[in-house]
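Source file: structure11.cif; contents: mmCIF, C-alpha atoms.
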```cif
data_coords
#
loop_
_atom_site.label_atom_id
_atom_site.label_comp_id
_atom_site.auth_asym_id
_atom_site.auth_seq_id
_atom_site.Cartn_x
_atom_site.Cartn_y
_atom_site.Cartn_z
CA MET A 8 -34.16 -13.70 -11.89
CA ASN A 9 -30.93 -13.61 -13.91
CA PHE A 10 -29.11 -10.39 -13.21
CA ASP A 11 -27.53 -8.55 -16.12
CA PHE A 12 -24.29 -7.42 -14.51
CA SER A 13 -22.49 -4.27 -15.55
CA ASP A 14 -19.52 -4.43 -17.88
CA ARG A 15 -17.34 -2.62 -15.36
CA VAL A 16 -17.66 -5.26 -12.65
CA GLY A 17 -16.85 -7.95 -15.21
CA ARG A 18 -13.51 -6.28 -15.90
CA VAL A 19 -12.04 -7.23 -12.54
CA GLU A 20 -11.33 -10.28 -10.41
CA PRO A 21 -11.57 -10.57 -6.62
CA SER A 22 -8.50 -9.41 -4.68
CA ALA A 23 -5.86 -12.16 -4.82
CA THR A 24 -4.48 -11.24 -1.41
CA LEU A 25 -7.88 -11.51 0.24
CA ALA A 26 -8.59 -14.77 -1.62
CA ILE A 27 -5.49 -16.38 -0.11
CA SER A 28 -6.34 -14.98 3.31
CA ASN A 29 -9.84 -16.41 3.05
CA LEU A 30 -8.41 -19.84 2.17
CA ALA A 31 -6.10 -19.62 5.18
CA SER A 32 -9.09 -18.79 7.38
CA GLU A 33 -11.01 -21.77 6.02
CA LEU A 34 -8.13 -24.12 6.81
CA GLU A 35 -7.81 -22.66 10.30
CA ALA A 36 -11.54 -23.19 10.82
CA GLN A 37 -10.92 -26.85 10.01
CA GLY A 38 -8.34 -27.01 12.78
CA GLU A 39 -5.21 -26.55 10.67
CA ASP A 40 -2.31 -24.47 11.96
CA VAL A 41 -1.61 -22.05 9.10
CA VAL A 42 1.25 -19.56 9.11
CA ASP A 43 -0.44 -16.73 7.26
CA LEU A 44 2.10 -14.53 5.49
CA SER A 45 -0.39 -13.33 2.90
CA VAL A 46 -1.92 -10.21 4.40
CA GLY A 47 -0.20 -6.88 5.02
CA ALA A 48 -1.54 -6.29 8.51
CA PRO A 49 0.86 -5.40 11.35
CA ASP A 50 0.66 -7.87 14.22
CA PHE A 51 0.98 -5.13 16.85
CA PRO A 52 -1.95 -3.67 18.78
CA THR A 53 -2.97 -0.11 18.02
CA PRO A 54 -0.97 2.17 20.36
CA ASP A 55 -2.77 2.82 23.65
CA ASN A 56 -2.94 6.60 23.26
CA ILE A 57 -4.80 6.22 19.94
CA THR A 58 -7.28 3.76 21.41
CA GLN A 59 -7.81 6.03 24.41
CA ALA A 60 -8.43 9.00 22.12
CA ALA A 61 -11.18 7.02 20.38
CA LYS A 62 -12.74 6.12 23.72
CA ASP A 63 -12.60 9.74 24.82
CA ALA A 64 -14.23 10.80 21.55
CA LEU A 65 -17.02 8.27 22.07
CA ASP A 66 -17.55 9.51 25.62
CA ALA A 67 -17.68 13.06 24.28
CA GLY A 68 -20.45 12.08 21.89
CA HIS A 69 -18.51 12.20 18.62
CA THR A 70 -20.78 9.66 16.95
CA SER A 71 -22.62 11.78 14.40
CA TYR A 72 -21.82 12.61 10.78
CA THR A 73 -18.92 14.98 10.24
CA SER A 74 -18.39 17.40 7.41
CA SER A 75 -17.88 15.24 4.36
CA ASN A 76 -14.18 15.88 3.80
CA GLY A 77 -13.27 15.38 7.45
CA ILE A 78 -13.14 17.16 10.77
CA PRO A 79 -11.08 20.39 10.73
CA GLU A 80 -8.68 19.17 13.44
CA LEU A 81 -7.68 16.11 11.44
CA LYS A 82 -7.41 17.90 8.10
CA GLU A 83 -5.15 20.52 9.70
CA ALA A 84 -3.04 17.80 11.37
CA ILE A 85 -2.65 16.02 8.02
CA ALA A 86 -1.74 19.26 6.25
CA ALA A 87 0.85 20.04 8.94
CA LYS A 88 2.29 16.55 8.60
CA LEU A 89 2.54 16.96 4.82
CA ARG A 90 4.22 20.34 5.22
CA GLY A 91 6.76 18.55 7.40
CA ASN A 92 7.44 16.36 4.35
CA GLY A 93 8.03 19.43 2.22
CA VAL A 94 4.62 19.34 0.53
CA ASP A 95 2.85 22.69 0.23
CA ALA A 96 -0.44 21.60 1.83
CA GLU A 97 -3.45 23.35 3.31
CA ALA A 98 -6.31 21.75 5.24
CA ASP A 99 -8.85 22.51 2.51
CA GLU A 100 -6.75 20.44 0.07
CA VAL A 101 -7.35 17.24 2.08
CA ILE A 102 -10.14 14.65 1.95
CA VAL A 103 -10.30 12.21 4.85
CA THR A 104 -11.51 8.80 3.71
CA PRO A 105 -12.53 5.43 5.21
CA GLY A 106 -9.14 3.88 4.46
CA GLY A 107 -6.40 4.65 1.97
CA LYS A 108 -8.04 2.34 -0.57
CA GLN A 109 -11.07 4.63 -0.73
CA ALA A 110 -8.77 7.60 -1.31
CA LEU A 111 -7.25 5.78 -4.27
CA PHE A 112 -10.64 4.73 -5.63
CA GLU A 113 -11.95 8.31 -5.52
CA THR A 114 -8.82 9.59 -7.25
CA PHE A 115 -9.08 7.12 -10.14
CA GLN A 116 -12.79 7.77 -10.53
CA THR A 117 -12.22 11.51 -10.58
CA LEU A 118 -9.36 11.56 -13.09
CA VAL A 119 -9.75 8.57 -15.42
CA ASP A 120 -12.20 8.42 -18.32
CA ASP A 121 -12.82 5.60 -20.79
CA GLY A 122 -9.66 4.91 -22.75
CA ASP A 123 -7.34 7.09 -20.65
CA GLU A 124 -3.85 5.64 -20.23
CA VAL A 125 -2.62 4.89 -16.70
CA VAL A 126 0.96 3.65 -16.22
CA LEU A 127 1.85 1.18 -13.47
CA LEU A 128 5.29 0.17 -12.18
CA ASP A 129 5.33 -3.60 -11.86
CA PRO A 130 5.15 -5.44 -9.56
CA ALA A 131 2.17 -3.32 -8.53
CA TRP A 132 -0.38 -3.68 -5.76
CA VAL A 133 -3.32 -5.72 -6.99
CA SER A 134 -6.02 -3.07 -6.56
CA TYR A 135 -4.41 -0.45 -8.81
CA GLU A 136 -5.24 -2.47 -11.91
CA ALA A 137 -8.77 -3.18 -10.72
CA MET A 138 -9.44 0.47 -9.95
CA VAL A 139 -8.16 1.59 -13.35
CA LYS A 140 -10.37 -0.95 -15.10
CA LEU A 141 -13.41 0.05 -13.06
CA ALA A 142 -12.82 3.63 -14.17
CA GLY A 143 -12.57 2.52 -17.82
CA GLY A 144 -8.89 3.31 -18.21
CA THR A 145 -6.27 1.39 -20.17
CA LEU A 146 -3.02 0.13 -18.65
CA SER A 147 0.60 0.44 -19.71
CA ARG A 148 3.23 -1.17 -17.52
CA VAL A 149 6.95 -0.94 -16.78
CA ASP A 150 8.62 -4.06 -15.34
CA LEU A 151 10.99 -3.38 -12.44
CA ALA A 152 11.61 -7.07 -11.63
CA GLN A 153 14.58 -7.22 -13.99
CA HIS A 154 16.16 -4.36 -12.00
CA ASP A 155 15.74 -5.93 -8.53
CA PHE A 156 12.56 -3.86 -8.21
CA LYS A 157 14.43 -0.54 -8.44
CA LEU A 158 13.02 2.34 -10.48
CA GLU A 159 16.17 4.31 -11.25
CA PRO A 160 17.61 1.72 -13.69
CA ALA A 161 14.21 1.56 -15.43
CA LEU A 162 13.81 5.28 -16.08
CA ASP A 163 14.68 4.87 -19.77
CA GLU A 164 11.96 2.22 -20.11
CA LEU A 165 9.52 4.48 -18.28
CA GLY A 166 10.46 7.29 -20.65
CA GLU A 167 9.68 5.04 -23.62
CA THR A 168 6.33 4.06 -22.09
CA VAL A 169 4.85 7.43 -21.16
CA SER A 170 3.80 9.97 -23.74
CA ASP A 171 1.70 13.08 -24.19
CA GLU A 172 -1.30 10.70 -24.15
CA THR A 173 -0.54 9.46 -20.62
CA LYS A 174 -3.13 10.63 -18.11
CA LEU A 175 -1.72 9.25 -14.88
CA LEU A 176 1.27 7.41 -13.40
CA VAL A 177 1.09 5.51 -10.10
CA VAL A 178 4.18 5.54 -7.84
CA ASN A 179 4.21 3.49 -4.63
CA SER A 180 7.29 3.93 -2.45
CA PRO A 181 7.92 2.11 -0.16
CA SER A 182 6.32 -0.53 -2.35
CA ASN A 183 3.74 -3.20 -1.86
CA PRO A 184 4.59 -5.96 -2.90
CA THR A 185 8.38 -5.54 -3.17
CA GLY A 186 9.40 -3.41 -0.20
CA GLY A 187 11.41 -1.30 -2.62
CA VAL A 188 12.15 2.34 -1.79
CA PHE A 189 12.74 4.54 -4.82
CA SER A 190 15.78 6.79 -4.79
CA ASP A 191 15.56 10.57 -4.99
CA ALA A 192 17.14 10.33 -8.44
CA ALA A 193 14.34 7.99 -9.52
CA LEU A 194 11.68 10.35 -8.21
CA GLU A 195 13.36 13.28 -9.95
CA GLY A 196 13.25 11.23 -13.15
CA VAL A 197 9.53 10.76 -12.64
CA ARG A 198 9.17 14.50 -12.11
CA ASP A 199 11.02 15.29 -15.32
CA LEU A 200 8.81 12.96 -17.36
CA ALA A 201 5.60 14.21 -15.72
CA VAL A 202 6.49 17.80 -16.51
CA GLU A 203 7.63 17.00 -20.05
CA HIS A 204 4.46 15.08 -20.93
CA ASP A 205 2.10 16.97 -18.63
CA PHE A 206 0.56 14.04 -16.73
CA ALA A 207 -0.49 13.65 -13.10
CA VAL A 208 1.09 11.26 -10.60
CA ILE A 209 -0.48 9.36 -7.73
CA SER A 210 2.09 9.02 -4.95
CA ASP A 211 0.95 6.21 -2.64
CA GLU A 212 2.93 6.76 0.56
CA ILE A 213 1.08 4.44 2.94
CA TYR A 214 4.35 2.80 4.09
CA GLU A 215 6.39 6.00 4.45
CA ARG A 216 7.14 5.48 8.16
CA ILE A 217 8.43 1.92 7.59
CA VAL A 218 11.88 2.32 6.02
CA TYR A 219 15.21 0.68 6.85
CA ASP A 220 18.98 1.02 6.62
CA GLY A 221 18.94 4.74 7.29
CA PHE A 222 16.72 5.51 4.30
CA GLU A 223 14.58 8.62 4.55
CA HIS A 224 11.24 8.92 2.82
CA THR A 225 10.86 11.58 0.12
CA SER A 226 7.37 12.78 -0.79
CA LEU A 227 7.04 13.15 -4.54
CA GLY A 228 4.88 16.24 -4.10
CA SER A 229 7.78 18.03 -2.42
CA LEU A 230 9.84 18.13 -5.62
CA ASP A 231 9.92 21.31 -7.69
CA GLY A 232 7.41 21.02 -10.52
CA MET A 233 5.27 18.40 -8.79
CA GLU A 234 3.23 20.69 -6.53
CA ASP A 235 0.25 20.95 -8.85
CA ARG A 236 0.35 17.49 -10.44
CA THR A 237 0.77 15.13 -7.45
CA ILE A 238 -2.04 13.36 -5.60
CA THR A 239 -0.60 12.11 -2.31
CA ILE A 240 -2.35 9.07 -0.83
CA ASN A 241 -1.73 7.95 2.72
CA GLY A 242 -3.45 6.43 5.71
CA PHE A 243 -3.17 5.10 9.22
CA SER A 244 -3.37 1.33 8.74
CA LYS A 245 0.30 0.39 8.43
CA ALA A 246 2.44 2.78 10.48
CA PHE A 247 -0.05 2.98 13.36
CA SER A 248 -1.38 -0.60 13.18
CA MET A 249 -4.91 0.68 12.55
CA THR A 250 -6.00 -1.63 9.72
CA GLY A 251 -9.51 -2.18 11.04
CA TRP A 252 -10.10 1.46 11.89
CA ARG A 253 -10.39 2.34 8.18
CA LEU A 254 -8.86 5.79 8.01
CA GLY A 255 -6.96 7.35 5.12
CA TYR A 256 -6.66 10.55 3.15
CA LEU A 257 -5.71 12.17 -0.10
CA HIS A 258 -4.07 15.53 -0.70
CA ALA A 259 -4.28 17.23 -4.08
CA PRO A 260 -4.69 20.65 -5.70
CA SER A 261 -7.95 22.34 -4.76
CA ASP A 262 -9.64 21.83 -8.13
CA LEU A 263 -9.22 18.06 -7.90
CA ILE A 264 -10.40 18.10 -4.27
CA ALA A 265 -13.59 19.89 -5.35
CA GLN A 266 -14.38 17.20 -7.91
CA ALA A 267 -13.33 14.21 -5.79
CA GLY A 268 -15.33 15.67 -2.92
CA LYS A 269 -18.51 15.25 -4.95
CA LEU A 270 -17.84 11.54 -5.37
CA HIS A 271 -16.93 11.27 -1.70
CA SER A 272 -20.13 12.92 -0.52
CA HIS A 273 -22.34 10.72 -2.70
CA SER A 274 -20.63 7.45 -1.73
CA VAL A 275 -19.26 7.17 1.81
CA SER A 276 -20.52 10.54 3.16
CA CYS A 277 -17.63 10.80 5.61
CA ALA A 278 -15.13 8.80 7.62
CA VAL A 279 -16.23 7.66 11.09
CA ASN A 280 -16.35 10.56 13.51
CA PHE A 281 -14.61 9.13 16.58
CA VAL A 282 -12.03 7.38 14.40
CA GLN A 283 -11.07 10.76 12.94
CA HIS A 284 -10.40 12.04 16.45
CA ALA A 285 -8.17 9.01 17.03
CA GLY A 286 -6.37 9.97 13.82
CA VAL A 287 -5.50 13.37 15.26
CA GLU A 288 -3.86 11.62 18.19
CA ALA A 289 -2.04 9.19 15.90
CA LEU A 290 -0.32 12.07 14.12
CA SER A 291 0.89 13.59 17.39
CA GLU A 292 4.43 13.17 18.71
CA ARG A 293 3.01 10.99 21.48
CA THR A 294 2.82 8.10 19.02
CA ASP A 295 6.34 8.39 17.61
CA ASP A 296 7.95 5.93 20.04
CA ASP A 297 5.39 3.22 19.25
CA VAL A 298 5.86 3.71 15.52
CA GLU A 299 9.63 3.46 15.88
CA GLU A 300 9.33 0.32 18.00
CA MET A 301 7.26 -1.34 15.28
CA ARG A 302 9.61 -0.15 12.53
CA GLN A 303 12.63 -1.60 14.33
CA ALA A 304 10.83 -4.91 14.84
CA PHE A 305 10.02 -5.14 11.13
CA GLU A 306 13.64 -4.39 10.24
CA GLU A 307 14.87 -7.13 12.57
CA ARG A 308 12.39 -9.59 11.06
CA ARG A 309 13.52 -8.65 7.56
CA ASP A 310 17.15 -9.30 8.48
CA MET A 311 16.28 -12.63 10.08
CA LEU A 312 14.23 -13.73 7.09
CA VAL A 313 16.99 -12.81 4.61
CA ASP A 314 19.46 -14.85 6.67
CA LEU A 315 17.14 -17.85 7.00
CA LEU A 316 16.50 -17.92 3.26
CA ALA A 317 20.23 -17.61 2.55
CA GLU A 318 20.78 -20.74 4.63
CA HIS A 319 18.61 -22.52 2.05
CA ASP A 320 20.48 -20.89 -0.86
CA VAL A 321 17.55 -18.60 -1.66
CA ASP A 322 18.69 -15.14 -2.77
CA VAL A 323 16.18 -12.29 -2.53
CA ALA A 324 16.15 -8.59 -3.31
CA VAL A 325 16.48 -7.12 0.18
CA PRO A 326 13.53 -4.80 0.92
CA LYS A 327 14.31 -1.27 2.05
CA GLY A 328 10.83 -0.56 3.40
CA ALA A 329 7.30 -1.80 4.12
CA PHE A 330 7.09 -5.42 5.34
CA TYR A 331 7.03 -7.48 2.17
CA MET A 332 9.55 -9.64 0.36
CA MET A 333 9.41 -11.16 -3.11
CA LEU A 334 10.46 -14.81 -2.96
CA PRO A 335 11.62 -16.34 -6.27
CA VAL A 336 9.67 -19.56 -6.88
CA ASP A 337 8.66 -21.81 -9.78
CA ASP A 338 7.47 -20.32 -13.05
CA ASP A 339 3.96 -21.40 -12.05
CA ASP A 340 3.77 -19.23 -8.95
CA GLN A 341 0.03 -19.85 -8.57
CA ALA A 342 0.61 -23.61 -8.25
CA TRP A 343 3.54 -23.00 -5.89
CA CYS A 344 1.43 -20.88 -3.55
CA GLU A 345 -1.50 -23.29 -3.64
CA GLY A 346 0.84 -26.17 -2.86
CA ALA A 347 2.58 -24.25 -0.08
CA ILE A 348 -0.65 -23.59 1.75
CA GLN A 349 -2.04 -27.09 1.25
CA ASP A 350 1.17 -29.01 2.03
CA ALA A 351 3.23 -26.76 4.30
CA LYS A 352 0.30 -24.74 5.65
CA VAL A 353 2.10 -21.51 4.78
CA ALA A 354 0.02 -18.80 3.08
CA THR A 355 1.70 -16.48 0.57
CA VAL A 356 0.44 -14.53 -2.45
CA PRO A 357 1.30 -15.46 -6.07
CA GLY A 358 3.52 -12.89 -7.73
CA SER A 359 1.35 -13.03 -10.85
CA ALA A 360 -1.32 -11.20 -8.85
CA PHE A 361 1.06 -8.22 -8.93
CA ASN A 362 2.08 -8.86 -12.56
CA ALA A 363 5.30 -10.51 -11.35
CA PRO A 364 5.12 -14.19 -12.35
CA GLY A 365 7.75 -16.46 -10.84
CA TYR A 366 7.56 -14.90 -7.38
CA ALA A 367 5.55 -15.26 -4.19
CA ARG A 368 4.99 -12.31 -1.89
CA ILE A 369 5.76 -12.88 1.77
CA SER A 370 4.50 -10.49 4.42
CA TYR A 371 6.78 -10.46 7.46
CA ALA A 372 4.24 -8.65 9.60
CA ALA A 373 4.30 -11.75 11.79
CA SER A 374 6.30 -12.79 14.84
CA GLU A 375 9.86 -14.06 14.49
CA GLU A 376 8.68 -17.41 15.82
CA ARG A 377 6.05 -17.77 13.11
CA LEU A 378 8.45 -16.61 10.41
CA ARG A 379 10.96 -19.27 11.47
CA GLU A 380 8.19 -21.84 11.47
CA ALA A 381 7.17 -20.81 7.94
CA ILE A 382 10.70 -21.24 6.55
CA GLU A 383 11.10 -24.59 8.29
CA ARG A 384 7.83 -25.85 6.83
CA LEU A 385 8.62 -24.63 3.32
CA ALA A 386 12.03 -26.33 3.49
CA GLU A 387 10.60 -29.54 4.93
CA HIS A 388 8.14 -29.80 2.04
CA ASP A 389 10.75 -28.86 -0.60
CA TYR A 390 9.25 -25.48 -1.50
CA ILE A 391 12.61 -23.80 -0.92
#
```
Have the structure of the file written as structure tokens, please.
Amino acid sequence: MNFDFSDRVGRVEPSATLAISNLASELEAQGEDVVDLSVGAPDFPTPDNITQAAKDALDAGHTSYTSSNGIPELKEAIAAKLRGNGVDAEADEVIVTPGGKQALFETFQTLVDDGDEVVLLDPAWVSYEAMVKLAGGTLSRVDLAQHDFKLEPALDELGETVSDETKLLVVNSPSNPTGGVFSDAALEGVRDLAVEHDFAVISDEIYERIVYDGFEHTSLGSLDGMEDRTITINGFSKAFSMTGWRLGYLHAPSDLIAQAGKLHSHSVSCAVNFVQHAGVEALSERTDDDVEEMRQAFEERRDMLVDLLAEHDVDVAVPKGAFYMMLPVDDDDQAWCEGAIQDAKVATVPGSAFNAPGYARISYAASEERLREAIERLAEHDYI
């Protein structure tokens, strides 16, 4: 039969980051040696104490359904962690999800109706746009590329973009794809606009533990005036190298949690039981040394990569967090990335996927050896 597909699924394209990763996998299956800098997955193993906690939970029989919004121990641990960030959080204001992406999806579906305006700060992670379109929302965008991916210099433009009709603004700091970390002054500017125009803000803080140069993460929900209008999204994939475990969460005012919880219960039911127990362990102080070891390694790789590119006269905006870098390339960034993977066997993501044409995103969640190899190959084939 010929299926009559829904309008909503026709609004979106497949994830560009996963498409490049799939191409890299295909080339590797053909015997090619591909340096894959396309996917934001730490190359460290999950810390041993987290893995052991999962094993212990399995041995204890934690393999059944849990309460839909998450086990009490994990929700309380998340709330305590948020309170440490200055966010006024209680356990019953948390939904534990199978990955941070699910937390975002549930938030958009709960808040956005057909025609509602959602504002993105470009370059923006690819799935924000797709999720807004699936919810029926319309997009307005503010370009940070002209400001070296900083928000503070773009506050006037943001102020001209938002209005009383704005339903939602998405803030991602540290940022995927730029690695930018927004200043406190920038976040306060967001707060002032949100209060003035009475809109909600998603604060995607998945990279909060990966910051450099003495920067300290500020949770948007900790600012005066943002307590009842911030939806904080976070997860375990990046800081704890738990990408395949699929564990995330959202924190929001209780009325939003009640509505999002309905969607959660009718879609994924709950996050995996024994994985939630591992999440409790991840948030304990016993994991701090492993997280710091990974953070330091990413910072050293960033510094090395900046220096290597400078040797080839390539100037980049130096990331202050996460493990991504925006590499300026040809105007046709799609062709550049396709050529780089075919010729140099180096996988990157076109900047246009993030609404940042003329750039390629590099993930430096790879070993120093492989990063050096990538730069050598790109130089050898005249891509830098």
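Among A:Asp66, A:Asp40, A:Asp205, A:Asp50, the residue with the shortest atom-to-atom distance to A:Ser370, counting only C-alpha atoms, is A:Asp50.
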Can you give me, as a ChimeraX atom specification, the residues this file yields under the PyMOL selection byres ((chain A and resi 48) around 10)? /A:44-47,49-51,244-245,248-251,330,370-373
Determine the residue membership of the PyMOL selection byres ((chain A and resi 16-22) around 8) for the file above and supply it as a PyMOL selection string. chain A and resi 12-15+23-26+133-134+137+140-141
Among the residues A:Ala267, A:Trp252, A:Ser210, A:Pro160, the one that comes closest to A:Phe281 [using all atoms listed in the file]: A:Trp252
What residues come out when you apply the PyMOL selection byres ((chain A and resi 388) around 12) to this file, written as an mmCIF file with C-alpha atoms, keeping the file's coordinate frame?
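The file below, part-v1.cif, is the result:
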```cif
data_model
loop_
_atom_site.group_PDB
_atom_site.id
_atom_site.type_symbol
_atom_site.label_atom_id
_atom_site.label_comp_id
_atom_site.auth_asym_id
_atom_site.auth_seq_id
_atom_site.Cartn_x
_atom_site.Cartn_y
_atom_site.Cartn_z
ATOM 1 C CA TRP A 343 3.540 -23.000 -5.890
ATOM 2 C CA GLY A 346 0.840 -26.170 -2.860
ATOM 3 C CA ALA A 347 2.580 -24.250 -0.080
ATOM 4 C CA ILE A 348 -0.650 -23.590 1.750
ATOM 5 C CA GLN A 349 -2.040 -27.090 1.250
ATOM 6 C CA ASP A 350 1.170 -29.010 2.030
ATOM 7 C CA ALA A 351 3.230 -26.760 4.300
ATOM 8 C CA LYS A 352 0.300 -24.740 5.650
ATOM 9 C CA VAL A 353 2.100 -21.510 4.780
ATOM 10 C CA ALA A 381 7.170 -20.810 7.940
ATOM 11 C CA ILE A 382 10.700 -21.240 6.550
ATOM 12 C CA GLU A 383 11.100 -24.590 8.290
ATOM 13 C CA ARG A 384 7.830 -25.850 6.830
ATOM 14 C CA LEU A 385 8.620 -24.630 3.320
ATOM 15 C CA ALA A 386 12.030 -26.330 3.490
ATOM 16 C CA GLU A 387 10.600 -29.540 4.930
ATOM 17 C CA ASP A 389 10.750 -28.860 -0.600
ATOM 18 C CA TYR A 390 9.250 -25.480 -1.500
ATOM 19 C CA ILE A 391 12.610 -23.800 -0.920
#
```
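For the set A:Ala324, A:Val125, A:Gly93, A:Ala360, the residue with the smallest atom-to-atom gap to A:Leu227 is A:Gly93, counting all atoms listed in the file.
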Edge lengths and centre, in Å to one decimal, as AutoDock Vina command-line options: that's what I need for the box along x, y and z that holds all listed atoms of stretch 36-39 of chain A plus 3 Å on each side.
```
--center_x -8.4 --center_y -25.1 --center_z 11.4 --size_x 12.3 --size_y 9.8 --size_z 8.8
```
Long-range neighbours of stretch 230-239 of chain A as an NGL selection string, 7 Å cut-off, only C-alpha atoms, 2 positions minimum in chain: :A and (198 or 202 or 207-211 or 227-228 or 241 or 257-260)
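Look at stretch 69-81 of chain A: the protein and nucleic acid residues within 9 Å of it, using only C-alpha atoms and passing over chain neighbours fewer than 3 places away, are Asp63, Ala64, Leu65, Asp66, Ala84, Ile85, Ala86, Ala98, Asp99, Val101, Ile102, Val103, Thr104, Gly268, His271, Ser272, Val275, Ser276, Cys277, Ala278, Val279, Asn280, Phe281, Gln283, His284, Gly286, Val287, Glu288 and Leu290 of chain A.
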With C-alpha atoms retained, export the selected residues as a CSV table (one decimal), keeping the file's coordinate frame.
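Dumped to out.csv:
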```csv
chain,number,residue,atom,x,y,z
A,63,ASP,CA,-12.6,9.7,24.8
A,64,ALA,CA,-14.2,10.8,21.6
A,65,LEU,CA,-17.0,8.3,22.1
A,66,ASP,CA,-17.6,9.5,25.6
A,84,ALA,CA,-3.0,17.8,11.4
A,85,ILE,CA,-2.6,16.0,8.0
A,86,ALA,CA,-1.7,19.3,6.2
A,98,ALA,CA,-6.3,21.8,5.2
A,99,ASP,CA,-8.8,22.5,2.5
A,101,VAL,CA,-7.4,17.2,2.1
A,102,ILE,CA,-10.1,14.6,2.0
A,103,VAL,CA,-10.3,12.2,4.8
A,104,THR,CA,-11.5,8.8,3.7
A,268,GLY,CA,-15.3,15.7,-2.9
A,271,HIS,CA,-16.9,11.3,-1.7
A,272,SER,CA,-20.1,12.9,-0.5
A,275,VAL,CA,-19.3,7.2,1.8
A,276,SER,CA,-20.5,10.5,3.2
A,277,CYS,CA,-17.6,10.8,5.6
A,278,ALA,CA,-15.1,8.8,7.6
A,279,VAL,CA,-16.2,7.7,11.1
A,280,ASN,CA,-16.4,10.6,13.5
A,281,PHE,CA,-14.6,9.1,16.6
A,283,GLN,CA,-11.1,10.8,12.9
A,284,HIS,CA,-10.4,12.0,16.4
A,286,GLY,CA,-6.4,10.0,13.8
A,287,VAL,CA,-5.5,13.4,15.3
A,288,GLU,CA,-3.9,11.6,18.2
A,290,LEU,CA,-0.3,12.1,14.1
```
Proximity to A:Asn362 - best of A:Gln59, A:Ser32, A:Ser147, A:Ser261, only C-alpha atoms: A:Ser147
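The coordinates place atom CA of A:Cys344 at 24.2 Å from atom CA of A:Arg148.
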Who sits within 9 Å of A:Leu128, only C-alpha atoms, same chain under 5 positions skipped, as number ranges by chain: A: 147-151, 158, 165, 176-179
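Here atom CA of A:Phe189 stands at a distance of 23.9 Å from atom CA of A:Asp171.
For the atom pair formed by atom CA of A:Ile57 and atom CA of A:Arg309, the distance is 26.6 Å, given to one decimal.
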Which residue, A:Glu203, A:Glu172, A:Asp191, A:Asp220, has the smallest gap to A:Arg302 when you use only C-alpha atoms? A:Asp220
Fewer than 5 positions away in the same chain doesn't count, so skip those; otherwise give me all residues within 9 Å of A:Glu345, counting all atoms listed in the file, as a VMD selection string. chain A and resid 27 340 350 354 to 355 357
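Selection around (17.6, -2.6, -8.0) with radius 12 Å, counting all atoms listed in the file, yields the residues Asp150, Leu151, Ala152, Gln153, His154, Asp155, Phe156, Lys157, Leu158, Glu159, Pro160, Ala161, Leu162, Thr185, Gly186, Gly187, Val188, Phe189, Ser190, Ala193, Val323, Ala324, Val325, Pro326 and Lys327 of chain A.
Once A:Pro184 and its same-chain neighbours fewer than 6 positions away are set aside, Pro130, Ala131, Trp132, Val133, Ala329, Phe330, Tyr331, Met332, Met333, Gly358, Phe361, Arg368, Ile369 and Ser370 of chain A remain within 9 Å of it when counting all atoms listed in the file.
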Hey, which of A:Leu312, A:Val336, A:Met301, A:Ala31 ends up closest to A:Pro54? Count all atoms listed in the file. A:Met301
